[in-house]
file entry_0.cif (mmCIF, C-alpha atoms)
data_model
#
loop_
_atom_site.group_PDB
_atom_site.id
_atom_site.type_symbol
_atom_site.label_atom_id
_atom_site.label_comp_id
_atom_site.auth_asym_id
_atom_site.auth_seq_id
_atom_site.Cartn_x
_atom_site.Cartn_y
_atom_site.Cartn_z
ATOM 1 C CA MET A 1 -18.437 -6.059 29.781
ATOM 2 C CA LEU A 2 -19.353 -6.917 26.177
ATOM 3 C CA LEU A 3 -18.022 -3.554 24.986
ATOM 4 C CA LEU A 4 -14.744 -4.132 26.842
ATOM 5 C CA THR A 5 -14.380 -7.597 25.306
ATOM 6 C CA ALA A 6 -15.084 -6.264 21.813
ATOM 7 C CA THR A 7 -12.596 -3.416 22.294
ATOM 8 C CA LEU A 8 -9.875 -5.796 23.509
ATOM 9 C CA ALA A 9 -10.521 -8.153 20.583
ATOM 10 C CA LEU A 10 -10.207 -5.251 18.133
ATOM 11 C CA LEU A 11 -6.962 -4.068 19.739
ATOM 12 C CA LEU A 12 -5.444 -7.559 19.672
ATOM 13 C CA ASN A 13 -6.489 -8.034 16.059
ATOM 14 C CA THR A 14 -5.004 -4.669 15.051
ATOM 15 C CA THR A 15 -1.768 -5.442 16.913
ATOM 16 C CA ALA A 16 -1.478 -8.833 15.199
ATOM 17 C CA PHE A 17 -1.682 -7.144 11.784
ATOM 18 C CA ALA A 18 0.714 -4.333 12.742
ATOM 19 C CA ALA A 19 3.789 -6.530 13.191
ATOM 20 C CA PRO A 20 3.963 -7.733 9.544
ATOM 21 C CA ARG A 21 3.440 -4.158 8.294
ATOM 22 C CA ASP A 22 6.192 -2.891 10.581
ATOM 23 C CA GLU A 23 8.499 -5.638 9.306
ATOM 24 C CA LEU A 24 7.676 -4.765 5.692
ATOM 25 C CA LEU A 25 8.453 -1.102 6.293
ATOM 26 C CA ALA A 26 11.684 -1.992 8.108
ATOM 27 C CA GLY A 27 12.762 -4.157 5.170
ATOM 28 C CA TYR A 28 11.916 -1.440 2.669
ATOM 29 C CA ALA A 29 13.787 1.106 4.800
ATOM 30 C CA ALA A 30 16.917 -1.076 4.885
ATOM 31 C CA ALA A 31 16.773 -1.551 1.109
ATOM 32 C CA ALA A 32 16.154 2.167 0.537
ATOM 33 C CA LYS A 33 19.129 3.039 2.759
ATOM 34 C CA THR A 34 21.322 0.624 0.789
ATOM 35 C CA ALA A 35 20.199 2.169 -2.504
ATOM 36 C CA ASP A 36 20.608 5.724 -1.196
ATOM 37 C CA PRO A 37 22.703 6.338 1.944
ATOM 38 C CA ALA A 38 20.965 9.737 2.290
ATOM 39 C CA PHE A 39 17.586 8.019 2.743
ATOM 40 C CA ALA A 40 15.945 9.646 5.783
ATOM 41 C CA GLY A 41 12.642 7.801 6.076
ATOM 42 C CA PHE A 42 9.341 7.299 4.353
ATOM 43 C CA SER A 43 6.825 10.005 3.634
ATOM 44 C CA ALA A 44 3.057 9.574 3.433
ATOM 45 C CA THR A 45 3.001 12.851 1.481
ATOM 46 C CA ARG A 46 5.347 11.395 -1.159
ATOM 47 C CA GLY A 47 3.247 8.219 -1.101
ATOM 48 C CA GLU A 48 0.093 10.190 -1.827
ATOM 49 C CA ALA A 49 1.774 12.021 -4.720
ATOM 50 C CA PHE A 50 3.020 8.681 -6.083
ATOM 51 C CA HIS A 51 -0.497 7.187 -5.796
ATOM 52 C CA ARG A 52 -1.979 10.032 -7.837
ATOM 53 C CA GLN A 53 0.852 10.488 -10.375
ATOM 54 C CA SER A 54 0.502 9.342 -13.993
ATOM 55 C CA PHE A 55 3.370 7.392 -15.546
ATOM 56 C CA ALA A 56 4.177 6.754 -19.201
ATOM 57 C CA GLY A 57 6.149 3.493 -18.886
ATOM 58 C CA GLY A 58 3.394 1.000 -18.097
ATOM 59 C CA LYS A 59 0.233 -0.127 -19.798
ATOM 60 C CA ALA A 60 -1.795 2.561 -21.565
ATOM 61 C CA ASP A 61 -5.003 1.692 -19.684
ATOM 62 C CA THR A 62 -3.292 1.859 -16.256
ATOM 63 C CA PRO A 63 -1.107 4.989 -16.197
ATOM 64 C CA ALA A 64 -1.632 5.595 -12.449
ATOM 65 C CA CYS A 65 -2.481 3.711 -9.258
ATOM 66 C CA THR A 66 -5.796 5.568 -9.395
ATOM 67 C CA SER A 67 -6.587 3.877 -12.723
ATOM 68 C CA CYS A 68 -7.830 0.908 -10.688
ATOM 69 C CA HIS A 69 -7.657 2.050 -7.075
ATOM 70 C CA ALA A 70 -9.903 4.976 -6.277
ATOM 71 C CA LYS A 71 -8.565 8.505 -5.901
ATOM 72 C CA ASP A 72 -9.821 8.263 -2.330
ATOM 73 C CA PRO A 73 -8.050 5.111 -1.079
ATOM 74 C CA ARG A 74 -10.824 4.600 1.492
ATOM 75 C CA THR A 75 -13.268 3.693 -1.278
ATOM 76 C CA SER A 76 -13.446 0.684 -3.582
ATOM 77 C CA GLY A 77 -11.753 0.656 -6.950
ATOM 78 C CA GLN A 78 -12.289 -1.268 -10.160
ATOM 79 C CA THR A 79 -10.039 -3.078 -12.644
ATOM 80 C CA PRO A 80 -10.247 -2.201 -16.353
ATOM 81 C CA ALA A 81 -12.212 -5.469 -16.736
ATOM 82 C CA GLY A 82 -14.790 -4.230 -14.214
ATOM 83 C CA LYS A 83 -13.796 -6.375 -11.220
ATOM 84 C CA ALA A 84 -14.260 -4.611 -7.869
ATOM 85 C CA ILE A 85 -11.170 -3.928 -5.742
ATOM 86 C CA ASP A 86 -11.434 -3.454 -1.987
ATOM 87 C CA PRO A 87 -10.226 -0.104 -0.623
ATOM 88 C CA VAL A 88 -6.457 0.113 -0.199
ATOM 89 C CA ALA A 89 -6.572 2.413 2.842
ATOM 90 C CA LEU A 90 -5.832 0.610 6.083
ATOM 91 C CA SER A 91 -8.771 2.299 7.840
ATOM 92 C CA ALA A 92 -11.198 0.768 5.338
ATOM 93 C CA SER A 93 -9.476 -2.628 5.037
ATOM 94 C CA PRO A 94 -7.788 -3.366 8.398
ATOM 95 C CA GLY A 95 -6.445 -6.764 7.310
ATOM 96 C CA ARG A 96 -4.575 -5.351 4.318
ATOM 97 C CA TYR A 97 -0.780 -5.514 4.247
ATOM 98 C CA ALA A 98 -0.657 -8.232 6.929
ATOM 99 C CA ASP A 99 0.771 -10.847 4.540
ATOM 100 C CA PRO A 100 4.183 -9.731 3.218
ATOM 101 C CA ALA A 101 4.103 -12.252 0.352
ATOM 102 C CA LYS A 102 0.775 -10.866 -0.883
ATOM 103 C CA VAL A 103 2.024 -7.296 -0.574
ATOM 104 C CA GLU A 104 5.083 -8.113 -2.672
ATOM 105 C CA LYS A 105 2.989 -10.034 -5.218
ATOM 106 C CA TRP A 106 0.736 -7.013 -5.765
ATOM 107 C CA PHE A 107 3.598 -4.507 -5.818
ATOM 108 C CA LYS A 108 5.356 -6.633 -8.443
ATOM 109 C CA ARG A 109 2.263 -6.888 -10.644
ATOM 110 C CA ASN A 110 0.929 -3.374 -10.190
ATOM 111 C CA CYS A 111 4.240 -1.527 -10.460
ATOM 112 C CA LYS A 112 5.014 -3.318 -13.720
ATOM 113 C CA GLU A 113 1.573 -2.437 -15.125
ATOM 114 C CA VAL A 114 1.609 1.206 -13.981
ATOM 115 C CA LEU A 115 5.284 2.171 -14.160
ATOM 116 C CA GLY A 116 6.604 -0.438 -16.596
ATOM 117 C CA ARG A 117 9.197 -1.431 -13.972
ATOM 118 C CA GLN A 118 9.457 -2.611 -10.405
ATOM 119 C CA CYS A 119 8.886 -0.033 -7.703
ATOM 120 C CA THR A 120 11.860 1.003 -5.621
ATOM 121 C CA ALA A 121 11.942 0.249 -1.910
ATOM 122 C CA GLN A 122 11.393 3.949 -1.198
ATOM 123 C CA GLU A 123 8.358 4.093 -3.503
ATOM 124 C CA LYS A 124 6.880 1.022 -1.793
ATOM 125 C CA GLY A 125 7.533 2.413 1.682
ATOM 126 C CA ASP A 126 6.161 5.849 0.839
ATOM 127 C CA TRP A 127 3.023 4.395 -0.760
ATOM 128 C CA LEU A 128 2.479 1.974 2.109
ATOM 129 C CA SER A 129 2.980 4.798 4.622
ATOM 130 C CA PHE A 130 0.286 6.780 2.834
ATOM 131 C CA MET A 131 -2.125 3.821 2.896
ATOM 132 C CA ILE A 132 -1.450 3.162 6.587
ATOM 133 C CA SER A 133 -2.173 6.825 7.349
ATOM 134 C CA GLN A 134 -5.554 6.688 5.614
#

call {"tool": "encode", "arguments": {"input": "entry_0.cif", "output": "structure tokens"}}
result
Amino acid sequence: MLLLTATLALLLNTTAFAAPRDELLAGYAAAAKTADPAFAGFSATRGEAFHRQSFAGGKADTPACTSCHAKDPRTSGQTPAGKAIDPVALSASPGRYADPAKVEKWFKRNCKEVLGRQCTAQEKGDWLSFMISQ
């Protein structure tokens, strides 16, 4: 009985977090479709490539997402100042991406530091799809 209760609690908790993530992805998809009528959906593969890619437009000490977030998104990262960062993979941090305002806050800050510009809706959706798949 205890195992059943724990399993149900985990399922309900996971479902509660899923709705905001689904809404975020739907919003990014609508924006991506507006920006590019040929938009055909997000790709975790593109998101992984984006996560690992180095960019020249941002800060010199943060040329890639992996500058602070680990190459394996299921492990902890570290800021240039040495502050620990929880894993960005959903499997390692189940509560991540449940607060749309926080997600946007971090995209705004991190995209500017890494890319030197805001991320596009497609970049956000691809990256988030990769993190959800991990």

call {"tool": "resolve_selection", "arguments": {"input": "entry_0.cif", "expression": "the PyMOL selection byres ((chain A and resi 32) around 10)", "output": "ChimeraX atom specification"}}
result
/A:26-31,33-42,120-125

call {"tool": "residues_around", "arguments": {"input": "entry_0.cif", "residues": "Ser54 in chain A", "least_positions_apart": "3", "cutoff": "8 Å", "atoms": "only C-alpha atoms", "output": "ChimeraX atom specification"}}
result
/A:63-65

call {"tool": "residues_around", "arguments": {"input": "entry_0.cif", "residues": "range 100-114 of chain A", "least_positions_apart": "2", "cutoff": "6 Å", "atoms": "all atoms listed in the file", "output": "NGL selection string"}}
result
:A and (58-59 or 62-64 or 97 or 116-119)

call {"tool": "atom_distance", "arguments": {"input": "entry_0.cif", "atom1": "CA of Leu90 in chain A", "atom2": "CA of Gln134 in chain A"}}
result
6.1 Å

call {"tool": "atom_distance", "arguments": {"input": "entry_0.cif", "atom1": "CA of Asp99 in chain A", "atom2": "CA of Leu24 in chain A"}}
result
9.3 Å

call {"tool": "atom_distance", "arguments": {"input": "entry_0.cif", "atom1": "CA of Gln78 in chain A", "atom2": "CA of Arg21 in chain A"}}
result
24.4 Å

call {"tool": "closest_residue", "arguments": {"input": "entry_0.cif", "among": "A:Arg46, A:Arg96, A:Arg74, A:His51", "to": "Pro20 in chain A", "atoms": "all atoms listed in the file"}}
result
A:Arg96

call {"tool": "closest_residue", "arguments": {"input": "entry_0.cif", "among": "A:Glu48, A:Lys71, A:Gly77, A:Ala19", "to": "Asp126 in chain A", "atoms": "all atoms listed in the file"}}
result
A:Glu48

call {"tool": "closest_residue", "arguments": {"input": "entry_0.cif", "among": "A:Ala60, A:Cys68, A:Leu25, A:Met131", "to": "Thr45 in chain A", "atoms": "all atoms listed in the file"}}
result
A:Met131

call {"tool": "closest_residue", "arguments": {"input": "entry_0.cif", "among": "A:Ser67, A:Asp22, A:Ser91, A:Ala49", "to": "Trp127 in chain A", "atoms": "all atoms listed in the file"}}
result
A:Ala49

call {"tool": "closest_residue", "arguments": {"input": "entry_0.cif", "among": "A:Ile85, A:Asp61, A:Glu23, A:Ile132", "to": "Gly47 in chain A", "atoms": "all atoms listed in the file"}}
result
A:Ile132

call {"tool": "closest_residue", "arguments": {"input": "entry_0.cif", "among": "A:Leu128, A:Ala92, A:Ser43, A:Phe55", "to": "Asp72 in chain A", "atoms": "all atoms listed in the file"}}
result
A:Ala92

call {"tool": "decode", "arguments": {"input": "entry_0.cif", "residues": "range 50-90 of chain A", "atoms": "N, CA and C atoms", "output": "PDB file, in the first residue's frame"}}
result
ATOM      1  N   PHE A  50      22.761  22.737 -29.895  1.00  0.00           N
ATOM      2  CA  PHE A  50      22.762  24.115 -29.399  1.00  0.00           C
ATOM      3  C   PHE A  50      23.437  24.176 -28.024  1.00  0.00           C
ATOM      4  N   HIS A  51      23.111  23.235 -27.156  1.00  0.00           N
ATOM      5  CA  HIS A  51      23.668  23.186 -25.793  1.00  0.00           C
ATOM      6  C   HIS A  51      25.186  23.067 -25.831  1.00  0.00           C
ATOM      7  N   ARG A  52      25.705  22.337 -26.787  1.00  0.00           N
ATOM      8  CA  ARG A  52      27.146  22.070 -26.850  1.00  0.00           C
ATOM      9  C   ARG A  52      27.925  23.064 -27.731  1.00  0.00           C
ATOM     10  N   GLN A  53      27.219  23.834 -28.543  1.00  0.00           N
ATOM     11  CA  GLN A  53      27.858  24.750 -29.491  1.00  0.00           C
ATOM     12  C   GLN A  53      28.527  25.927 -28.789  1.00  0.00           C
ATOM     13  N   SER A  54      29.650  26.381 -29.326  1.00  0.00           N
ATOM     14  CA  SER A  54      30.305  27.600 -28.844  1.00  0.00           C
ATOM     15  C   SER A  54      29.886  28.764 -29.727  1.00  0.00           C
ATOM     16  N   PHE A  55      29.677  29.911 -29.094  1.00  0.00           N
ATOM     17  CA  PHE A  55      29.244  31.126 -29.782  1.00  0.00           C
ATOM     18  C   PHE A  55      30.278  32.224 -29.530  1.00  0.00           C
ATOM     19  N   ALA A  56      30.375  33.158 -30.447  1.00  0.00           N
ATOM     20  CA  ALA A  56      31.356  34.235 -30.325  1.00  0.00           C
ATOM     21  C   ALA A  56      30.738  35.547 -29.844  1.00  0.00           C
ATOM     22  N   GLY A  57      29.413  35.648 -29.796  1.00  0.00           N
ATOM     23  CA  GLY A  57      28.773  36.939 -29.526  1.00  0.00           C
ATOM     24  C   GLY A  57      28.606  37.315 -28.072  1.00  0.00           C
ATOM     25  N   GLY A  58      28.736  36.370 -27.164  1.00  0.00           N
ATOM     26  CA  GLY A  58      28.501  36.653 -25.749  1.00  0.00           C
ATOM     27  C   GLY A  58      29.779  36.967 -24.996  1.00  0.00           C
ATOM     28  N   LYS A  59      29.730  36.702 -23.709  1.00  0.00           N
ATOM     29  CA  LYS A  59      30.895  36.942 -22.860  1.00  0.00           C
ATOM     30  C   LYS A  59      31.984  35.913 -23.151  1.00  0.00           C
ATOM     31  N   ALA A  60      33.236  36.362 -23.063  1.00  0.00           N
ATOM     32  CA  ALA A  60      34.371  35.490 -23.384  1.00  0.00           C
ATOM     33  C   ALA A  60      34.467  34.272 -22.455  1.00  0.00           C
ATOM     34  N   ASP A  61      34.049  34.428 -21.190  1.00  0.00           N
ATOM     35  CA  ASP A  61      34.172  33.305 -20.258  1.00  0.00           C
ATOM     36  C   ASP A  61      32.964  32.369 -20.285  1.00  0.00           C
ATOM     37  N   THR A  62      31.966  32.682 -21.114  1.00  0.00           N
ATOM     38  CA  THR A  62      30.785  31.811 -21.257  1.00  0.00           C
ATOM     39  C   THR A  62      30.402  31.655 -22.727  1.00  0.00           C
ATOM     40  N   PRO A  63      31.259  31.025 -23.536  1.00  0.00           N
ATOM     41  CA  PRO A  63      30.961  30.900 -24.960  1.00  0.00           C
ATOM     42  C   PRO A  63      29.939  29.811 -25.304  1.00  0.00           C
ATOM     43  N   ALA A  64      29.570  28.974 -24.332  1.00  0.00           N
ATOM     44  CA  ALA A  64      28.625  27.883 -24.591  1.00  0.00           C
ATOM     45  C   ALA A  64      27.790  27.625 -23.343  1.00  0.00           C
ATOM     46  N   CYS A  65      26.658  26.986 -23.512  1.00  0.00           N
ATOM     47  CA  CYS A  65      25.834  26.583 -22.362  1.00  0.00           C
ATOM     48  C   CYS A  65      26.666  25.723 -21.416  1.00  0.00           C
ATOM     49  N   THR A  66      27.540  24.896 -22.012  1.00  0.00           N
ATOM     50  CA  THR A  66      28.362  23.986 -21.214  1.00  0.00           C
ATOM     51  C   THR A  66      29.466  24.711 -20.446  1.00  0.00           C
ATOM     52  N   SER A  67      29.615  26.010 -20.640  1.00  0.00           N
ATOM     53  CA  SER A  67      30.580  26.774 -19.844  1.00  0.00           C
ATOM     54  C   SER A  67      30.195  26.738 -18.366  1.00  0.00           C
ATOM     55  N   CYS A  68      28.901  26.729 -18.098  1.00  0.00           N
ATOM     56  CA  CYS A  68      28.409  26.688 -16.717  1.00  0.00           C
ATOM     57  C   CYS A  68      27.638  25.399 -16.429  1.00  0.00           C
ATOM     58  N   HIS A  69      26.817  24.998 -17.382  1.00  0.00           N
ATOM     59  CA  HIS A  69      26.054  23.761 -17.234  1.00  0.00           C
ATOM     60  C   HIS A  69      26.915  22.630 -17.790  1.00  0.00           C
ATOM     61  N   ALA A  70      26.914  21.528 -17.113  1.00  0.00           N
ATOM     62  CA  ALA A  70      27.786  20.418 -17.488  1.00  0.00           C
ATOM     63  C   ALA A  70      27.505  19.908 -18.897  1.00  0.00           C
ATOM     64  N   LYS A  71      28.502  19.278 -19.493  1.00  0.00           N
ATOM     65  CA  LYS A  71      28.310  18.663 -20.810  1.00  0.00           C
ATOM     66  C   LYS A  71      27.237  17.592 -20.739  1.00  0.00           C
ATOM     67  N   ASP A  72      27.199  16.877 -19.616  1.00  0.00           N
ATOM     68  CA  ASP A  72      26.118  15.931 -19.353  1.00  0.00           C
ATOM     69  C   ASP A  72      25.083  16.689 -18.524  1.00  0.00           C
ATOM     70  N   PRO A  73      23.940  17.043 -19.104  1.00  0.00           N
ATOM     71  CA  PRO A  73      22.969  17.875 -18.382  1.00  0.00           C
ATOM     72  C   PRO A  73      22.369  17.206 -17.148  1.00  0.00           C
ATOM     73  N   ARG A  74      22.678  15.932 -16.933  1.00  0.00           N
ATOM     74  CA  ARG A  74      22.180  15.234 -15.742  1.00  0.00           C
ATOM     75  C   ARG A  74      23.086  15.435 -14.535  1.00  0.00           C
ATOM     76  N   THR A  75      24.200  16.148 -14.740  1.00  0.00           N
ATOM     77  CA  THR A  75      25.122  16.413 -13.639  1.00  0.00           C
ATOM     78  C   THR A  75      25.158  17.911 -13.334  1.00  0.00           C
ATOM     79  N   SER A  76      25.643  18.233 -12.153  1.00  0.00           N
ATOM     80  CA  SER A  76      25.705  19.632 -11.719  1.00  0.00           C
ATOM     81  C   SER A  76      26.735  20.409 -12.524  1.00  0.00           C
ATOM     82  N   GLY A  77      26.489  21.698 -12.629  1.00  0.00           N
ATOM     83  CA  GLY A  77      27.412  22.603 -13.290  1.00  0.00           C
ATOM     84  C   GLY A  77      27.988  23.576 -12.282  1.00  0.00           C
ATOM     85  N   GLN A  78      28.683  24.604 -12.813  1.00  0.00           N
ATOM     86  CA  GLN A  78      29.315  25.577 -11.938  1.00  0.00           C
ATOM     87  C   GLN A  78      29.477  26.895 -12.681  1.00  0.00           C
ATOM     88  N   THR A  79      29.152  28.006 -12.017  1.00  0.00           N
ATOM     89  CA  THR A  79      29.330  29.324 -12.618  1.00  0.00           C
ATOM     90  C   THR A  79      30.821  29.661 -12.653  1.00  0.00           C
ATOM     91  N   PRO A  80      31.209  30.657 -13.455  1.00  0.00           N
ATOM     92  CA  PRO A  80      32.619  31.071 -13.450  1.00  0.00           C
ATOM     93  C   PRO A  80      33.088  31.506 -12.050  1.00  0.00           C
ATOM     94  N   ALA A  81      32.168  31.961 -11.213  1.00  0.00           N
ATOM     95  CA  ALA A  81      32.521  32.377  -9.849  1.00  0.00           C
ATOM     96  C   ALA A  81      32.603  31.193  -8.878  1.00  0.00           C
ATOM     97  N   GLY A  82      32.295  29.984  -9.371  1.00  0.00           N
ATOM     98  CA  GLY A  82      32.404  28.798  -8.539  1.00  0.00           C
ATOM     99  C   GLY A  82      31.119  28.346  -7.859  1.00  0.00           C
ATOM    100  N   LYS A  83      30.014  29.033  -8.108  1.00  0.00           N
ATOM    101  CA  LYS A  83      28.737  28.648  -7.499  1.00  0.00           C
ATOM    102  C   LYS A  83      28.174  27.416  -8.218  1.00  0.00           C
ATOM    103  N   ALA A  84      27.722  26.445  -7.428  1.00  0.00           N
ATOM    104  CA  ALA A  84      27.156  25.212  -7.999  1.00  0.00           C
ATOM    105  C   ALA A  84      25.812  25.504  -8.664  1.00  0.00           C
ATOM    106  N   ILE A  85      25.551  24.783  -9.758  1.00  0.00           N
ATOM    107  CA  ILE A  85      24.288  24.885 -10.489  1.00  0.00           C
ATOM    108  C   ILE A  85      23.691  23.488 -10.553  1.00  0.00           C
ATOM    109  N   ASP A  86      22.436  23.360 -10.151  1.00  0.00           N
ATOM    110  CA  ASP A  86      21.762  22.067 -10.221  1.00  0.00           C
ATOM    111  C   ASP A  86      21.713  21.574 -11.663  1.00  0.00           C
ATOM    112  N   PRO A  87      21.631  20.270 -11.857  1.00  0.00           N
ATOM    113  CA  PRO A  87      21.525  19.727 -13.223  1.00  0.00           C
ATOM    114  C   PRO A  87      20.338  20.344 -13.968  1.00  0.00           C
ATOM    115  N   VAL A  88      20.496  20.514 -15.269  1.00  0.00           N
ATOM    116  CA  VAL A  88      19.419  21.094 -16.074  1.00  0.00           C
ATOM    117  C   VAL A  88      18.529  20.037 -16.721  1.00  0.00           C
ATOM    118  N   ALA A  89      18.939  18.783 -16.668  1.00  0.00           N
ATOM    119  CA  ALA A  89      18.125  17.695 -17.224  1.00  0.00           C
ATOM    120  C   ALA A  89      16.913  17.459 -16.332  1.00  0.00           C
ATOM    121  N   LEU A  90      15.772  17.273 -16.947  1.00  0.00           N
ATOM    122  CA  LEU A  90      14.539  17.060 -16.203  1.00  0.00           C
ATOM    123  C   LEU A  90      14.609  15.808 -15.331  1.00  0.00           C
TER     124      LEU A  90
END
